[in-house]
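Coordinates from input.txt are shown below (compact mmCIF, C-alpha atoms).
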```
# COMPACT_ATOMS: atom_id res chain seq x y z
CA PRO A 1 154.45 120.45 104.26
CA ASP A 2 153.06 121.18 107.72
CA ILE A 3 156.33 122.41 109.25
CA THR A 4 156.67 124.63 112.31
CA VAL A 5 159.92 126.60 112.14
CA LEU A 6 161.63 126.66 115.53
CA THR A 7 163.52 129.44 117.26
CA ARG A 8 167.31 129.25 117.52
CA GLU A 9 166.97 128.50 121.22
CA GLN A 10 164.59 125.62 120.54
CA ALA A 11 166.84 124.28 117.78
CA ALA A 12 169.93 124.43 120.00
CA ALA A 13 168.15 122.49 122.74
CA LEU A 14 166.75 120.01 120.24
CA LEU A 15 169.97 119.15 118.38
CA PRO A 16 172.85 118.74 120.82
CA ARG A 17 176.32 119.93 119.90
CA SER A 18 178.18 117.25 121.86
CA ALA A 19 177.26 113.64 122.50
CA THR A 20 174.22 112.90 124.67
CA GLY A 21 174.06 109.83 126.90
CA PRO A 22 172.07 107.76 124.36
CA GLN A 23 174.38 108.84 121.53
CA TYR A 24 177.46 107.93 123.55
CA GLY A 25 175.91 104.55 124.32
CA TYR A 26 175.14 103.98 120.64
CA TYR A 27 178.75 104.46 119.62
CA TRP A 28 180.17 102.77 122.71
CA GLY A 29 178.87 99.44 121.42
CA GLY A 30 179.44 96.07 123.10
CA ILE A 31 182.42 94.27 124.55
CA ASP A 32 183.96 93.60 121.12
CA THR A 33 183.79 97.28 120.31
CA THR A 34 185.45 98.23 123.58
CA MET A 35 188.24 95.71 123.14
CA ARG A 36 189.03 97.00 119.66
CA ARG A 37 189.13 100.58 120.85
CA LEU A 38 191.42 99.57 123.71
CA SER A 39 193.72 97.87 121.23
CA VAL A 40 193.86 101.01 119.11
CA SER A 41 194.46 103.13 122.23
CA LEU A 42 197.38 100.93 123.22
CA ALA A 43 198.88 101.10 119.75
CA LEU A 44 198.48 104.87 119.52
CA GLY A 45 199.93 105.31 123.00
CA MET A 46 203.02 103.29 122.12
CA LEU A 47 203.50 105.26 118.91
CA THR A 48 203.23 108.67 120.58
CA VAL A 49 204.79 108.20 124.01
CA ASN A 50 208.32 108.72 122.69
CA VAL A 51 207.25 111.68 120.58
CA SER A 52 205.30 113.85 122.99
CA ASN A 53 203.58 113.38 126.32
CA ILE A 54 200.98 115.87 125.16
CA LEU A 55 200.02 113.51 122.34
CA ALA A 56 200.41 110.33 124.35
CA VAL A 57 197.70 111.18 126.90
CA PRO A 58 194.80 111.70 124.45
CA ALA A 59 196.07 108.79 122.34
CA GLY A 60 195.95 106.51 125.37
CA LEU A 61 192.42 107.70 126.17
CA TYR A 62 191.20 107.21 122.60
CA TRP A 63 188.95 104.35 123.72
CA LEU A 64 187.10 106.77 126.00
CA TRP A 65 186.70 109.88 123.82
CA SER A 66 186.20 108.32 120.39
CA PRO A 67 182.41 107.75 120.86
CA VAL A 68 182.06 111.43 121.82
CA ALA A 69 183.96 112.53 118.72
CA LEU A 70 181.89 110.36 116.38
CA ALA A 71 178.58 111.54 117.87
CA ALA A 72 179.69 115.18 117.66
CA ARG A 73 180.67 114.72 114.02
CA ARG A 74 177.28 113.22 113.24
CA ASN A 75 175.43 115.94 115.14
CA TYR A 76 177.26 118.67 113.21
CA ALA A 77 175.88 117.32 109.94
CA PHE A 78 172.47 118.67 111.02
CA ARG A 79 173.45 121.59 113.25
CA ARG A 80 175.19 123.32 110.34
CA TYR A 81 171.82 124.12 108.73
CA GLU A 82 170.44 127.58 109.44
CA PHE A 83 166.80 126.63 110.07
CA THR A 84 165.24 123.82 112.07
CA GLY A 85 161.61 122.77 112.16
CA LEU A 86 159.19 120.08 113.23
CA TRP A 87 157.29 118.39 110.42
CA ARG A 88 153.84 116.96 111.11
CA ALA A 89 153.31 114.08 108.68
CA ARG A 90 151.59 110.68 108.64
CA VAL A 91 152.57 107.06 108.29
CA LEU A 92 151.88 106.10 104.68
CA ARG A 93 153.21 102.55 104.67
CA VAL A 94 154.51 100.15 107.29
CA LYS A 95 155.85 96.63 106.84
CA THR A 96 158.43 94.23 108.20
CA ALA A 97 161.10 92.39 106.27
CA TRP A 98 164.03 90.04 106.82
CA VAL A 99 167.44 91.31 105.72
CA GLU A 100 170.78 89.60 105.26
CA ALA A 101 173.90 90.85 106.98
CA ARG A 102 175.46 93.80 105.17
CA PRO A 103 179.07 95.01 105.26
CA ALA A 104 179.92 98.07 107.30
CA GLY A 105 180.00 101.49 105.73
CA ARG A 106 181.67 104.73 106.81
CA ASP A 107 179.42 105.32 109.80
CA ARG A 108 178.83 101.63 110.44
CA GLY A 109 181.78 99.46 111.33
CA PHE A 110 185.24 100.08 112.67
CA ASP A 111 186.58 103.54 112.00
CA VAL A 112 190.22 103.72 113.09
CA TRP A 113 189.93 107.31 114.24
CA PHE A 114 186.42 107.39 115.63
CA GLY A 115 185.60 103.90 116.80
CA LEU A 116 183.52 100.84 116.14
CA THR A 117 179.86 101.48 115.43
CA GLY A 118 178.75 98.00 114.43
CA ALA A 119 178.02 96.41 111.06
CA SER A 120 174.43 95.63 110.19
CA SER A 121 173.41 92.12 111.10
CA GLU A 122 170.91 89.63 109.77
CA GLY A 123 167.45 90.00 111.21
CA GLN A 124 163.98 91.47 111.02
CA VAL A 125 163.60 95.15 110.18
CA LEU A 126 160.77 97.64 110.11
CA ARG A 127 160.29 99.72 106.97
CA VAL A 128 158.18 102.83 107.36
CA LEU A 129 157.26 105.48 104.81
CA VAL A 130 156.06 108.80 106.19
CA GLY A 131 154.88 111.84 104.26
CA ASP A 132 152.03 114.22 103.57
CA ASP A 133 149.69 115.46 100.84
CA THR A 134 152.37 117.69 99.31
CA GLY A 135 154.32 114.67 98.12
CA ALA A 136 157.14 114.94 100.66
CA ARG A 137 158.35 111.47 101.64
CA VAL A 138 160.87 109.95 104.05
CA GLU A 139 161.53 106.22 104.34
CA LEU A 140 163.15 104.57 107.33
CA GLU A 141 164.52 101.08 107.91
CA VAL A 142 165.34 100.16 111.50
CA PRO A 143 165.83 96.94 113.47
CA TYR A 144 162.44 95.60 114.50
CA LYS A 145 161.20 95.97 118.08
CA ARG A 146 158.02 94.59 119.66
CA GLU A 147 156.81 98.11 120.42
CA TYR A 148 156.44 98.70 116.67
CA ARG A 149 153.61 96.18 116.33
CA ASP A 150 150.92 98.80 117.06
CA ILE A 151 152.02 101.23 114.33
CA ARG A 152 149.28 101.81 111.76
CA VAL A 153 148.93 103.61 108.46
CA ARG A 154 147.59 107.18 108.97
CA ASP A 155 149.22 107.52 112.39
CA THR A 156 150.49 111.05 113.00
CA ALA A 157 154.27 111.29 112.70
CA HIS A 158 156.58 114.07 113.88
CA LEU A 159 160.06 114.49 112.40
CA VAL A 160 162.78 117.07 112.98
CA VAL A 161 163.80 118.73 109.71
CA VAL A 162 166.58 121.16 108.80
CA SER A 163 166.98 123.55 105.89
CA ASP A 164 168.98 126.46 104.54
CA THR A 165 165.76 128.27 103.51
CA ALA A 166 163.36 129.95 105.92
CA ASN A 167 160.25 128.70 104.12
CA MET A 168 161.49 125.09 104.34
CA ASP A 169 160.67 124.45 100.67
CA ARG A 170 163.69 122.14 100.60
CA PHE A 171 164.57 120.27 103.76
CA ARG A 172 166.41 117.29 105.15
CA ALA A 173 164.70 115.08 107.73
CA LEU A 174 166.38 113.32 110.62
CA ARG A 175 165.76 109.58 110.47
CA GLU A 176 163.94 109.66 113.81
CA VAL A 177 160.14 109.62 114.02
CA TYR A 178 157.85 110.17 116.99
CA LEU A 179 154.31 108.73 116.84
CA PRO A 180 152.13 110.42 119.50
CA GLU A 181 149.19 107.97 119.21
CA THR A 182 151.32 105.05 120.38
CA ARG A 183 154.09 107.12 122.04
CA VAL A 184 156.63 105.18 120.00
CA TRP A 185 159.95 106.37 118.61
CA ILE A 186 161.21 104.91 115.34
CA SER A 187 164.93 105.29 114.90
CA GLU A 188 168.25 103.54 115.03
CA TYR A 189 170.35 106.50 116.13
CA PRO A 190 169.07 108.97 118.77
CA PHE A 191 169.58 112.24 116.89
CA ALA A 192 167.44 114.63 118.94
CA GLU A 193 166.88 115.35 122.61
CA ARG A 194 163.61 113.48 122.91
CA SER A 195 162.34 115.33 125.97
CA VAL A 196 162.67 118.57 124.00
CA VAL A 197 160.83 117.03 121.03
CA LEU A 198 157.94 116.03 123.29
CA TYR A 199 157.77 119.52 124.81
CA ILE A 200 157.72 121.17 121.37
CA VAL A 201 155.11 118.73 120.04
CA ASP A 202 152.83 119.58 123.00
CA TRP A 203 153.47 123.30 122.48
CA ILE A 204 152.57 123.09 118.78
CA GLU A 205 149.42 121.05 119.45
CA ARG A 206 148.25 123.55 122.08
CA GLN A 207 148.71 126.36 119.57
CA ARG A 208 146.82 124.37 116.96
CA GLN A 209 143.90 123.82 119.32
CA GLU A 210 143.81 127.49 120.35
CA ARG A 211 143.62 128.58 116.70
CA PHE A 212 140.87 126.04 116.07
CA TYR A 213 138.73 127.38 118.95
CA GLU A 214 139.35 130.99 117.91
CA GLU A 215 138.24 130.24 114.34
CA ARG A 216 135.05 128.55 115.59
CA GLN A 217 134.16 131.59 117.69
CA MET A 218 134.57 134.01 114.79
```
For the file at hand, write its structure as structure tokens.
Amino acid sequence: PDITVLTREQAAALLPRSATGPQYGYYWGGIDTTMRRLSVSLALGMLTVNVSNILAVPAGLYWLWSPVALAARRNYAFRRYEFTGLWRARVLRVKTAWVEARPAGRDRGFDVWFGLTGASSEGQVLRVLVGDDTGARVELEVPYKREYRDIRVRDTAHLVVVSDTANMDRFRALREVYLPETRVWISEYPFAERSVVLYIVDWIERQRQERFYEERQM
């Protein structure tokens, strides 16, 4: 795979340790989500107020900090890998489909300790398969947006990948794709700092062009 291994500084900027604004907003949810978290906060506060004031304060503020905790937990799943890279792939297949409502899973739905993240609902979704000539493949399914209508097969796709091996022979890809031709992001959850992704993509492309010109002059 065409993967550029990033420095530790680049990786740290790319994959946040704590919740970013978009991540906090994702787990904050709508009014129903907020009301459920408030109910849990009230219950926890009543249970802990007679035990310890030290416990009662964070319990009462559960509705406020739970989205941060859930985002941080999800971020750690990728930050724990030793190596981070940016994979340059292509869109291999793109199609839309209609899906029925599905029950919530561990990271989708109401988690008593970390908050409501929303069950999947009925509606139109986009299914995209990205990969390269080596056989590496990643498939995504996200709620459909109008901005996805211009996505085409063979479009260049950039994905953040993580691995425990320096040569990236085995890697895990974040389910977040950037398509430079249309300047579209495909994702449901905002894993990476997108401004950093754009900067690194430009940096890699400049290096690619410089090598191309140097090879032509040889």
Fill in: Separation of atom CA of Arg194 of chain A from atom CA of Leu14 of chain A in Å
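The value is 7.7 Å.
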Worksheet item: Can you list, as a ChimeraX atom specification, every protein, DNA or RNA residue that comes within 12 Å of Val91 of chain A when you count only C-alpha atoms, leaving out same-chain residues fewer than 6 positions away?
Response: /A:127-133,136-140,151-159,177-181,186
Discussion item. Can you tell me which residues surround Pro16 of chain A at a distance of at most 12 Å, considering all atoms listed in the file, apart from same-chain residues fewer than 5 positions away, and format the answer as a ChimeraX atom specification?
Written reply: /A:9-11,21-23,68,71-80,190-194,196
Worksheet item: Out of A:Gly135, A:Arg172, A:Val5, A:Arg208, which residue has the shortest atom-to-atom distance to Leu92 of chain A when counting all atoms listed in the file?
Response: A:Gly135
Worksheet item: Mind pulling up the distance from atom CA of Glu100 of chain A to atom CA of Val40 of chain A?
Response: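 It comes out at 29.2 Å.
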Taking every listed atom of segment 79-87 of chain A and adding 5 Å to each side, what centre and edge lengths in Å (one decimal) does the axis-aligned box have, as lines of an AutoDock Vina configuration file?
```
center_x = 166.2
center_y = 123.0
center_z = 111.0
size_x = 27.9
size_y = 19.2
size_z = 14.5
```
Discussion item. Counting all atoms listed in the file, which residue out of A:Leu126, A:Leu61, A:Glu147, A:Thr96 sits closest to Leu38 of chain A?
Written reply: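 Looking only at the distances to Leu38 of chain A, the closest residue turns out to be A:Leu61.
When all atoms listed in the file are used to compute distances to Leu6 of chain A, the closest of the residues A:Tyr213, A:Tyr24, A:Trp65, A:Phe83 turns out to be A:Phe83.
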Within 7 Å of (165.4, 113.6, 108.0), in the coordinates the file gives, what residues turn up when you count all atoms listed in the file, written out as a PDB file with C-alpha atoms, in the coordinates of the input?
```
ATOM      1  CA  LEU A 159     160.060 114.490 112.400  1.00  0.00           C
ATOM      2  CA  VAL A 160     162.780 117.070 112.980  1.00  0.00           C
ATOM      3  CA  VAL A 161     163.800 118.730 109.710  1.00  0.00           C
ATOM      4  CA  ARG A 172     166.410 117.290 105.150  1.00  0.00           C
ATOM      5  CA  ALA A 173     164.700 115.080 107.730  1.00  0.00           C
ATOM      6  CA  LEU A 174     166.380 113.320 110.620  1.00  0.00           C
ATOM      7  CA  ARG A 175     165.760 109.580 110.470  1.00  0.00           C
TER       8      ARG A 175
END
```
Worksheet entry | Distance of atom CA of Asp150 of chain A from atom CA of Trp87 of chain A, expressed in Å to one decimal place |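 Going from atom CA of Trp87 of chain A over to atom CA of Asp150 of chain A, I get 21.6 Å.
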Item to complete: Select, from A:Asp164, A:Asp202, A:Glu141, A:Glu215, the residue with the minimum atom-to-atom distance to Glu176 of chain A, counting all atoms listed in the file.
Response: A:Glu141
Worksheet entry | Distance criterion (all atoms listed in the file): nearest to Arg90 of chain A out of A:Phe212, A:Asp32, A:Trp203, A:Asp2 | A:Asp2
Worksheet item: Looking at only C-alpha atoms, which of A:Thr7, A:Ser195, A:Ser66, A:Gln124 is the one that sits closest to Arg146 of chain A?
Response: A:Gln124
Output as a PDB file, in the frame of the given file: segment 75-86 of chain A, completed with all heavy atoms.
```
ATOM      1  N   ASN A  75     176.332 114.857 114.762  1.00  0.00           N
ATOM      2  CA  ASN A  75     175.430 115.940 115.140  1.00  0.00           C
ATOM      3  C   ASN A  75     175.668 117.185 114.293  1.00  0.00           C
ATOM      4  O   ASN A  75     174.722 117.899 113.929  1.00  0.00           O
ATOM      5  CB  ASN A  75     175.602 116.292 116.621  1.00  0.00           C
ATOM      6  CG  ASN A  75     175.114 115.179 117.533  1.00  0.00           C
ATOM      7  OD1 ASN A  75     174.403 114.282 117.101  1.00  0.00           O
ATOM      8  ND2 ASN A  75     175.504 115.236 118.790  1.00  0.00           N
ATOM      9  N   TYR A  76     176.935 117.462 113.976  1.00  0.00           N
ATOM     10  CA  TYR A  76     177.260 118.670 113.210  1.00  0.00           C
ATOM     11  C   TYR A  76     176.641 118.633 111.823  1.00  0.00           C
ATOM     12  O   TYR A  76     176.312 119.693 111.259  1.00  0.00           O
ATOM     13  CB  TYR A  76     178.778 118.812 113.092  1.00  0.00           C
ATOM     14  CG  TYR A  76     179.177 119.965 112.201  1.00  0.00           C
ATOM     15  CD1 TYR A  76     179.077 121.287 112.648  1.00  0.00           C
ATOM     16  CD2 TYR A  76     179.632 119.740 110.904  1.00  0.00           C
ATOM     17  CE1 TYR A  76     179.416 122.352 111.823  1.00  0.00           C
ATOM     18  CE2 TYR A  76     179.975 120.800 110.068  1.00  0.00           C
ATOM     19  CZ  TYR A  76     179.881 122.095 110.537  1.00  0.00           C
ATOM     20  OH  TYR A  76     180.209 123.138 109.717  1.00  0.00           O
ATOM     21  N   ALA A  77     176.459 117.435 111.267  1.00  0.00           N
ATOM     22  CA  ALA A  77     175.880 117.320 109.940  1.00  0.00           C
ATOM     23  C   ALA A  77     174.504 117.965 109.855  1.00  0.00           C
ATOM     24  O   ALA A  77     174.082 118.417 108.783  1.00  0.00           O
ATOM     25  CB  ALA A  77     175.792 115.847 109.530  1.00  0.00           C
ATOM     26  N   PHE A  78     173.794 118.055 111.003  1.00  0.00           N
ATOM     27  CA  PHE A  78     172.470 118.670 111.020  1.00  0.00           C
ATOM     28  C   PHE A  78     172.491 120.062 111.656  1.00  0.00           C
ATOM     29  O   PHE A  78     171.700 120.929 111.278  1.00  0.00           O
ATOM     30  CB  PHE A  78     171.478 117.775 111.753  1.00  0.00           C
ATOM     31  CG  PHE A  78     171.148 116.521 110.999  1.00  0.00           C
ATOM     32  CD1 PHE A  78     171.814 115.339 111.268  1.00  0.00           C
ATOM     33  CD2 PHE A  78     170.197 116.526 109.993  1.00  0.00           C
ATOM     34  CE1 PHE A  78     171.530 114.173 110.553  1.00  0.00           C
ATOM     35  CE2 PHE A  78     169.902 115.377 109.277  1.00  0.00           C
ATOM     36  CZ  PHE A  78     170.569 114.201 109.555  1.00  0.00           C
ATOM     37  N   ARG A  79     173.378 120.278 112.595  1.00  0.00           N
ATOM     38  CA  ARG A  79     173.450 121.590 113.250  1.00  0.00           C
ATOM     39  C   ARG A  79     173.947 122.678 112.306  1.00  0.00           C
ATOM     40  O   ARG A  79     173.705 123.866 112.541  1.00  0.00           O
ATOM     41  CB  ARG A  79     174.366 121.529 114.478  1.00  0.00           C
ATOM     42  CG  ARG A  79     173.763 120.816 115.677  1.00  0.00           C
ATOM     43  CD  ARG A  79     174.719 120.895 116.859  1.00  0.00           C
ATOM     44  NE  ARG A  79     174.988 122.272 117.227  1.00  0.00           N
ATOM     45  CZ  ARG A  79     174.288 122.963 118.130  1.00  0.00           C
ATOM     46  NH1 ARG A  79     173.263 122.407 118.724  1.00  0.00           N
ATOM     47  NH2 ARG A  79     174.625 124.204 118.421  1.00  0.00           N
ATOM     48  N   ARG A  80     174.627 122.322 111.244  1.00  0.00           N
ATOM     49  CA  ARG A  80     175.190 123.320 110.340  1.00  0.00           C
ATOM     50  C   ARG A  80     174.110 124.037 109.517  1.00  0.00           C
ATOM     51  O   ARG A  80     174.375 125.096 108.938  1.00  0.00           O
ATOM     52  CB  ARG A  80     176.209 122.680 109.407  1.00  0.00           C
ATOM     53  CG  ARG A  80     175.631 121.648 108.446  1.00  0.00           C
ATOM     54  CD  ARG A  80     176.726 120.979 107.639  1.00  0.00           C
ATOM     55  NE  ARG A  80     176.208 119.959 106.741  1.00  0.00           N
ATOM     56  CZ  ARG A  80     175.741 120.230 105.519  1.00  0.00           C
ATOM     57  NH1 ARG A  80     175.747 121.471 105.069  1.00  0.00           N
ATOM     58  NH2 ARG A  80     175.293 119.271 104.746  1.00  0.00           N
ATOM     59  N   TYR A  81     172.898 123.461 109.462  1.00  0.00           N
ATOM     60  CA  TYR A  81     171.820 124.120 108.730  1.00  0.00           C
ATOM     61  C   TYR A  81     171.307 125.327 109.516  1.00  0.00           C
ATOM     62  O   TYR A  81     171.295 125.314 110.745  1.00  0.00           O
ATOM     63  CB  TYR A  81     170.676 123.146 108.459  1.00  0.00           C
ATOM     64  CG  TYR A  81     171.008 122.102 107.421  1.00  0.00           C
ATOM     65  CD1 TYR A  81     171.613 120.909 107.773  1.00  0.00           C
ATOM     66  CD2 TYR A  81     170.722 122.322 106.068  1.00  0.00           C
ATOM     67  CE1 TYR A  81     171.920 119.937 106.822  1.00  0.00           C
ATOM     68  CE2 TYR A  81     171.025 121.366 105.098  1.00  0.00           C
ATOM     69  CZ  TYR A  81     171.628 120.175 105.488  1.00  0.00           C
ATOM     70  OH  TYR A  81     171.936 119.226 104.546  1.00  0.00           O
ATOM     71  N   GLU A  82     170.844 126.340 108.788  1.00  0.00           N
ATOM     72  CA  GLU A  82     170.440 127.580 109.440  1.00  0.00           C
ATOM     73  C   GLU A  82     169.084 127.484 110.117  1.00  0.00           C
ATOM     74  O   GLU A  82     168.844 128.109 111.149  1.00  0.00           O
ATOM     75  CB  GLU A  82     170.426 128.719 108.420  1.00  0.00           C
ATOM     76  CG  GLU A  82     170.176 130.080 109.040  1.00  0.00           C
ATOM     77  CD  GLU A  82     170.342 131.218 108.049  1.00  0.00           C
ATOM     78  OE1 GLU A  82     170.726 130.935 106.890  1.00  0.00           O
ATOM     79  OE2 GLU A  82     170.082 132.379 108.420  1.00  0.00           O
ATOM     80  N   PHE A  83     168.161 126.700 109.546  1.00  0.00           N
ATOM     81  CA  PHE A  83     166.800 126.630 110.070  1.00  0.00           C
ATOM     82  C   PHE A  83     166.442 125.204 110.473  1.00  0.00           C
ATOM     83  O   PHE A  83     166.822 124.248 109.802  1.00  0.00           O
ATOM     84  CB  PHE A  83     165.797 127.144 109.028  1.00  0.00           C
ATOM     85  CG  PHE A  83     166.051 128.555 108.598  1.00  0.00           C
ATOM     86  CD1 PHE A  83     166.721 128.826 107.413  1.00  0.00           C
ATOM     87  CD2 PHE A  83     165.631 129.623 109.386  1.00  0.00           C
ATOM     88  CE1 PHE A  83     166.966 130.127 107.020  1.00  0.00           C
ATOM     89  CE2 PHE A  83     165.875 130.929 108.994  1.00  0.00           C
ATOM     90  CZ  PHE A  83     166.545 131.187 107.813  1.00  0.00           C
ATOM     91  N   THR A  84     165.695 125.118 111.563  1.00  0.00           N
ATOM     92  CA  THR A  84     165.240 123.820 112.070  1.00  0.00           C
ATOM     93  C   THR A  84     163.734 123.882 112.286  1.00  0.00           C
ATOM     94  O   THR A  84     163.196 124.908 112.716  1.00  0.00           O
ATOM     95  CB  THR A  84     165.924 123.484 113.418  1.00  0.00           C
ATOM     96  OG1 THR A  84     167.338 123.509 113.236  1.00  0.00           O
ATOM     97  CG2 THR A  84     165.511 122.100 113.907  1.00  0.00           C
ATOM     98  N   GLY A  85     163.050 122.801 111.979  1.00  0.00           N
ATOM     99  CA  GLY A  85     161.610 122.770 112.160  1.00  0.00           C
ATOM    100  C   GLY A  85     161.113 121.408 112.590  1.00  0.00           C
ATOM    101  O   GLY A  85     161.879 120.445 112.657  1.00  0.00           O
ATOM    102  N   LEU A  86     159.832 121.348 112.882  1.00  0.00           N
ATOM    103  CA  LEU A  86     159.190 120.080 113.230  1.00  0.00           C
ATOM    104  C   LEU A  86     158.086 119.830 112.208  1.00  0.00           C
ATOM    105  O   LEU A  86     157.167 120.642 112.064  1.00  0.00           O
ATOM    106  CB  LEU A  86     158.611 120.134 114.641  1.00  0.00           C
ATOM    107  CG  LEU A  86     158.300 118.772 115.263  1.00  0.00           C
ATOM    108  CD1 LEU A  86     159.587 117.983 115.506  1.00  0.00           C
ATOM    109  CD2 LEU A  86     157.551 118.917 116.577  1.00  0.00           C
TER     110      LEU A  86
END
```
